[in-house]
Amino acid sequence: MGLILCSIIQMSYANESLPEDCSHLQSVKEADFVLFSKKDFVALGECLAINLIKQKAPLNLLESCNEVDEDRRNILGILSLSKLEAILMGQCVGAINYIYQHYDNEPVSTYGVETKTYQCTKGFSAVDIIRQSASDSISRTKLRDLLCSRVN
Amino acid sequence: MNGESTYKPNFTVVDDIELPEPNLEEKSNSQTKETTLPLEDNADLNPNEINLIYGERHKIRLFDPKGIYTFRHIKISNFQSFLHTLSICISLLLIVNFYRLLITGSHQFVSGLGKVNNLNLLDKLSMTFIAIYGFIKIKKVVSIKVTKFYTRYRLALCANAINFIVLNYFKLSILFLALQLLIIRVKYPNKRVDIAFDLIQNGVMADTLSIITWFISISIVIKAFKYCSVGETK
């Protein structure tokens with residue numbers, strides 16, 4: 001029984017170092033109790049997602065955005081939220097916000113001619129768009145094309 | 001109805017004289033035992049019923065804490081104690097491994113962060129409660145002195161309680177597996193079984209079902225350890 005207790009206490013371990021941009025969240029990475037640090041976990045997820053987008057690495061947003069949807073419909077609320085789920089939620093929200101901030105109302109540059117601008121979605125409608133896209137990993141440009149439409 | 005009402009006071013009689021009885025049990029062999037017990041005085045119990053109760057006394061119990069407590073005045077044989085020791089070892093091994101699997105199996109890789117655990121607050125609270133409750137109850141059993149041969153009684157009670165948990169949890173798992181397969185059959189008939197399992201185990205429904213699972217698990221644990229703190233403590 002003591003063994004079980006010990007393993008419950010030491011349930012969280014992480015074996016990768018955080019990217020430099022997110023190093024201010026080092027303490028959050030060690031934390032383990034969702035009740036007090038849900039917002040921090042979400043922030044950590046956002047930071048990680050933005051960092052991945054900047055590196056042009058593909059993201060698995062389908063799972064992340066499914067978690068946002070799950071959180072919205074869940075009757076148990078924070079009781080059934082895990083650290084992983086909070087971080088994944090942050091990734092979805094972070095990616096959507098990053099795309100929105102960077103592309104909304106920005107001119108589309110095709111071959112140096114700027115005639116159109118991007119109109120991007122955010123919030124739950126964006127979450128639903130990603131959930132329906134049904135692709136496991138998504139790159140920055142694909143995400144932009146998914147969330148933003150080009151208007152004259 | 002009539003038989004039941006005469007059966008109950010009879011048990012209190014057995015309970016009341018539980019101290020002298022073990023001595024009689026130890027001295028007498030199985031043939032003379034029947035004549036020494038007050039059961040025969042009761043005209044309502046026919047010989048078959050008496051034989052049934054005698055049979056129950058020396059039955060091997062592995063998943064029955066209530067039975068161990070009810071027949072606590074009966075000496076537990078060497079063979080039974082051996083079985084209890086063996087079964088408690090197997091059950092403890094299963095429980096520890098199950099918990100370990102539950103904890104390590106829930107870790108998932110997040111790029112840039114490493115492995116992150118996926119146990120939610122409800123899981124953690126329930127697991128901690130079960131661990132602490134079990135620990136307290138086992139500690140109580142160790143200090144209990146109900147009968148003269150309390151070491152064997154303690155071992156028997158612990159083994160039965162823990163085996164009871166394992167057996168019932170096994171039944172519960174099979175029930176939930178059947179339920180999940182049924183849901184897969186109805187909801188995702190075209191998906192591969194492992195993908196469908198992943199979908200089921202990570203969703204709103206899974207979270208809602210988890211509270212039921214934990215509720216049943218905690219009930220099993222409480223029921224199993226119910227008799228661990230009952231009895232005389234000296």
# chains A, B, ... in the order shown; residues from 1 in each chain; ligands from 1
>>> closest_atom_pairs(of="chain B", to="chain A", cutoff="9 Å", atoms="only C-alpha atoms", output="Markdown table")
| residue | atom | partner | partner_atom | distance |
| --- | --- | --- | --- | --- |
| B:Val96 | CA | A:Ile4 | CA | 6.9 |
| B:Tyr99 | CA | A:Ile4 | CA | 7.0 |
| B:Arg100 | CA | A:Ile4 | CA | 7.7 |
| B:Ile103 | CA | A:Met11 | CA | 6.9 |
| B:Thr104 | CA | A:Met11 | CA | 8.0 |
| B:His107 | CA | A:Leu84 | CA | 8.4 |
| B:Gln108 | CA | A:Leu84 | CA | 7.5 |
| B:Val110 | CA | A:Leu84 | CA | 8.2 |
| B:Ser111 | CA | A:Leu48 | CA | 8.2 |
| B:Gly112 | CA | A:Leu18 | CA | 5.8 |
| B:Leu113 | CA | A:Glu16 | CA | 5.3 |
| B:Gly114 | CA | A:Glu16 | CA | 4.9 |
| B:Lys115 | CA | A:Ala14 | CA | 5.4 |
| B:Val116 | CA | A:Leu84 | CA | 5.6 |
| B:Asn117 | CA | A:Leu84 | CA | 5.9 |
| B:Asn118 | CA | A:Leu84 | CA | 5.1 |
| B:Leu119 | CA | A:Ser82 | CA | 5.3 |
| B:Asn120 | CA | A:Ser82 | CA | 3.9 |
| B:Leu121 | CA | A:Leu79 | CA | 5.0 |
| B:Leu122 | CA | A:Leu79 | CA | 5.3 |
| B:Asp123 | CA | A:Ser80 | CA | 8.0 |
| B:Lys124 | CA | A:Ile8 | CA | 7.5 |
| B:Met127 | CA | A:Ile8 | CA | 8.1 |
| B:Thr128 | CA | A:Leu5 | CA | 6.9 |
| B:Ala131 | CA | A:Met1 | CA | 5.9 |
| B:Ile132 | CA | A:Met1 | CA | 7.7 |
| B:Gly134 | CA | A:Met1 | CA | 7.6 |
| B:Phe135 | CA | A:Met1 | CA | 6.2 |
| B:Asn202 | CA | A:Glu67 | CA | 8.8 |
| B:Gly203 | CA | A:Glu70 | CA | 6.3 |
| B:Val204 | CA | A:Glu70 | CA | 5.7 |
| B:Met205 | CA | A:Asn74 | CA | 8.7 |
| B:Asp207 | CA | A:Ser80 | CA | 6.1 |
| B:Thr208 | CA | A:Leu76 | CA | 7.2 |
| B:Ser210 | CA | A:Ser80 | CA | 8.6 |
| B:Ile211 | CA | A:Leu76 | CA | 8.7 |
>>> residues_around(residues="range 105-116 of chain A", least_positions_apart="5", cutoff="7 Å", atoms="only C-alpha atoms", output="PyMOL selection string")
chain A and resi 150-152
>>> write_last_selection(atoms="N, CA, C and O atoms", output="mmCIF file, in the first residue's frame")
data_model
loop_
_atom_site.group_PDB
_atom_site.id
_atom_site.type_symbol
_atom_site.label_atom_id
_atom_site.label_comp_id
_atom_site.auth_asym_id
_atom_site.auth_seq_id
_atom_site.Cartn_x
_atom_site.Cartn_y
_atom_site.Cartn_z
ATOM 1 N N ARG A 150 -9.946 33.814 -47.892
ATOM 2 C CA ARG A 150 -9.397 34.996 -48.559
ATOM 3 C C ARG A 150 -10.543 35.829 -49.122
ATOM 4 O O ARG A 150 -11.360 35.327 -49.895
ATOM 5 N N VAL A 151 -10.605 37.069 -48.704
ATOM 6 C CA VAL A 151 -11.682 37.945 -49.207
ATOM 7 C C VAL A 151 -11.064 39.141 -49.914
ATOM 8 O O VAL A 151 -9.962 39.580 -49.581
ATOM 9 N N ASN A 152 -11.838 39.654 -50.821
ATOM 10 C CA ASN A 152 -11.353 40.813 -51.580
ATOM 11 C C ASN A 152 -11.426 42.095 -50.768
ATOM 12 O O ASN A 152 -12.309 42.260 -49.969
#
>>> select_by_dssp(residues="chain A", states="helix (DSSP H, G or I)", output="VMD selection string")
chain A and resid 2 to 9 20 to 30 34 to 54 61 to 73 77 to 80 83 to 103 124 to 133 140 to 147
>>> write_last_selection(atoms="C-alpha atoms", output="mmCIF file, in the first residue's frame")
data_model
loop_
_atom_site.group_PDB
_atom_site.id
_atom_site.type_symbol
_atom_site.label_atom_id
_atom_site.label_comp_id
_atom_site.auth_asym_id
_atom_site.auth_seq_id
_atom_site.Cartn_x
_atom_site.Cartn_y
_atom_site.Cartn_z
ATOM 1 C CA GLY A 2 2.869 2.324 0.828
ATOM 2 C CA LEU A 3 4.328 1.554 -2.555
ATOM 3 C CA ILE A 4 1.087 2.558 -4.219
ATOM 4 C CA LEU A 5 0.959 5.800 -2.251
ATOM 5 C CA CYS A 6 4.513 6.672 -3.236
ATOM 6 C CA SER A 7 3.788 6.062 -6.880
ATOM 7 C CA ILE A 8 0.674 8.208 -6.730
ATOM 8 C CA ILE A 9 2.622 11.087 -5.287
ATOM 9 C CA GLU A 20 13.440 28.507 -24.591
ATOM 10 C CA ASP A 21 10.363 30.605 -25.250
ATOM 11 C CA CYS A 22 8.456 28.706 -22.604
ATOM 12 C CA SER A 23 11.204 28.527 -19.991
ATOM 13 C CA HIS A 24 9.236 30.894 -17.734
ATOM 14 C CA LEU A 25 6.734 28.050 -17.316
ATOM 15 C CA GLN A 26 9.276 25.615 -15.884
ATOM 16 C CA SER A 27 7.514 25.543 -12.512
ATOM 17 C CA VAL A 28 4.220 24.677 -14.216
ATOM 18 C CA LYS A 29 5.840 21.700 -15.892
ATOM 19 C CA GLU A 30 6.680 20.233 -12.496
ATOM 20 C CA VAL A 34 -4.980 20.384 -11.968
ATOM 21 C CA LEU A 35 -7.342 21.948 -9.447
ATOM 22 C CA PHE A 36 -4.991 24.826 -8.687
ATOM 23 C CA SER A 37 -3.107 25.149 -11.928
ATOM 24 C CA LYS A 38 -5.495 24.524 -14.809
ATOM 25 C CA LYS A 39 -4.839 27.994 -16.256
ATOM 26 C CA ASP A 40 -1.093 27.475 -16.012
ATOM 27 C CA PHE A 41 -1.318 24.150 -17.807
ATOM 28 C CA VAL A 42 -3.404 25.755 -20.539
ATOM 29 C CA ALA A 43 -0.819 28.537 -20.810
ATOM 30 C CA LEU A 44 1.947 25.959 -21.061
ATOM 31 C CA GLY A 45 0.051 24.193 -23.847
ATOM 32 C CA GLU A 46 -0.441 27.488 -25.693
ATOM 33 C CA CYS A 47 3.229 28.307 -25.421
ATOM 34 C CA LEU A 48 4.239 24.861 -26.694
ATOM 35 C CA ALA A 49 1.867 25.064 -29.650
ATOM 36 C CA ILE A 50 3.053 28.526 -30.654
ATOM 37 C CA ASN A 51 6.636 27.350 -30.385
ATOM 38 C CA LEU A 52 5.918 24.363 -32.623
ATOM 39 C CA ILE A 53 4.158 26.552 -35.187
ATOM 40 C CA LYS A 54 7.125 28.931 -35.224
ATOM 41 C CA LEU A 61 -4.471 19.474 -33.259
ATOM 42 C CA LEU A 62 -7.280 17.000 -33.769
ATOM 43 C CA GLU A 63 -6.765 15.381 -30.392
ATOM 44 C CA SER A 64 -6.162 18.741 -28.722
ATOM 45 C CA CYS A 65 -9.322 20.295 -30.059
ATOM 46 C CA ASN A 66 -11.314 17.208 -29.167
ATOM 47 C CA GLU A 67 -10.260 17.881 -25.587
ATOM 48 C CA VAL A 68 -11.581 21.456 -25.793
ATOM 49 C CA ASP A 69 -14.886 20.090 -27.013
ATOM 50 C CA GLU A 70 -14.861 17.456 -24.282
ATOM 51 C CA ASP A 71 -14.227 20.112 -21.658
ATOM 52 C CA ARG A 72 -17.144 22.145 -22.983
ATOM 53 C CA ARG A 73 -19.621 19.268 -22.761
ATOM 54 C CA GLY A 77 -15.953 19.662 -14.956
ATOM 55 C CA ILE A 78 -12.562 19.942 -13.361
ATOM 56 C CA LEU A 79 -12.954 16.563 -11.632
ATOM 57 C CA SER A 80 -12.397 14.746 -14.873
ATOM 58 C CA LYS A 83 -2.846 17.537 -16.672
ATOM 59 C CA LEU A 84 -2.449 16.096 -20.153
ATOM 60 C CA GLU A 85 -5.928 17.195 -21.167
ATOM 61 C CA ALA A 86 -5.350 20.730 -19.880
ATOM 62 C CA ILE A 87 -2.090 21.001 -21.825
ATOM 63 C CA LEU A 88 -3.704 19.626 -24.984
ATOM 64 C CA MET A 89 -6.537 22.135 -24.631
ATOM 65 C CA GLY A 90 -3.948 24.877 -24.372
ATOM 66 C CA GLN A 91 -2.318 23.662 -27.590
ATOM 67 C CA CYS A 92 -5.567 23.919 -29.507
ATOM 68 C CA VAL A 93 -6.404 27.359 -28.145
ATOM 69 C CA GLY A 94 -2.831 28.597 -28.608
ATOM 70 C CA ALA A 95 -2.637 27.476 -32.233
ATOM 71 C CA ILE A 96 -5.990 29.060 -33.102
ATOM 72 C CA ASN A 97 -5.124 32.336 -31.418
ATOM 73 C CA TYR A 98 -1.690 32.443 -33.052
ATOM 74 C CA ILE A 99 -3.174 31.983 -36.517
ATOM 75 C CA TYR A 100 -5.839 34.595 -35.784
ATOM 76 C CA GLN A 101 -3.357 37.187 -34.534
ATOM 77 C CA HIS A 102 -0.978 36.650 -37.408
ATOM 78 C CA TYR A 103 -3.293 36.382 -40.367
ATOM 79 C CA PHE A 124 -15.376 27.483 -30.719
ATOM 80 C CA SER A 125 -16.204 27.749 -34.420
ATOM 81 C CA ALA A 126 -12.472 27.395 -35.146
ATOM 82 C CA VAL A 127 -12.289 24.432 -32.774
ATOM 83 C CA ASP A 128 -15.132 22.767 -34.641
ATOM 84 C CA ILE A 129 -13.480 23.395 -38.021
ATOM 85 C CA ILE A 130 -10.298 21.658 -36.845
ATOM 86 C CA ARG A 131 -12.250 18.771 -35.324
ATOM 87 C CA GLN A 132 -14.015 18.179 -38.627
ATOM 88 C CA SER A 133 -10.811 18.332 -40.649
ATOM 89 C CA ARG A 140 1.102 25.960 -40.299
ATOM 90 C CA THR A 141 0.019 26.756 -43.857
ATOM 91 C CA LYS A 142 -2.650 24.059 -43.843
ATOM 92 C CA LEU A 143 -3.964 25.367 -40.555
ATOM 93 C CA ARG A 144 -4.067 28.877 -41.989
ATOM 94 C CA ASP A 145 -5.938 27.699 -45.069
ATOM 95 C CA LEU A 146 -8.333 25.796 -42.848
ATOM 96 C CA LEU A 147 -9.131 28.671 -40.505
#
>>> decode(residues="range 94-109 of chain A", atoms="C-alpha atoms", output="PDB file, in the first residue's frame")
ATOM      1  CA  GLY A  94      -2.831  28.597 -28.608  1.00  0.00           C
ATOM      2  CA  ALA A  95      -2.637  27.476 -32.233  1.00  0.00           C
ATOM      3  CA  ILE A  96      -5.990  29.060 -33.102  1.00  0.00           C
ATOM      4  CA  ASN A  97      -5.124  32.336 -31.418  1.00  0.00           C
ATOM      5  CA  TYR A  98      -1.690  32.443 -33.052  1.00  0.00           C
ATOM      6  CA  ILE A  99      -3.174  31.983 -36.517  1.00  0.00           C
ATOM      7  CA  TYR A 100      -5.839  34.595 -35.784  1.00  0.00           C
ATOM      8  CA  GLN A 101      -3.357  37.187 -34.534  1.00  0.00           C
ATOM      9  CA  HIS A 102      -0.978  36.650 -37.408  1.00  0.00           C
ATOM     10  CA  TYR A 103      -3.293  36.382 -40.367  1.00  0.00           C
ATOM     11  CA  ASP A 104      -6.615  38.076 -39.633  1.00  0.00           C
ATOM     12  CA  ASN A 105      -7.035  41.149 -41.843  1.00  0.00           C
ATOM     13  CA  GLU A 106      -3.531  40.686 -43.188  1.00  0.00           C
ATOM     14  CA  PRO A 107      -3.074  40.979 -46.949  1.00  0.00           C
ATOM     15  CA  VAL A 108      -2.619  37.776 -48.902  1.00  0.00           C
ATOM     16  CA  SER A 109       0.637  37.846 -50.743  1.00  0.00           C
TER      17      SER A 109
END
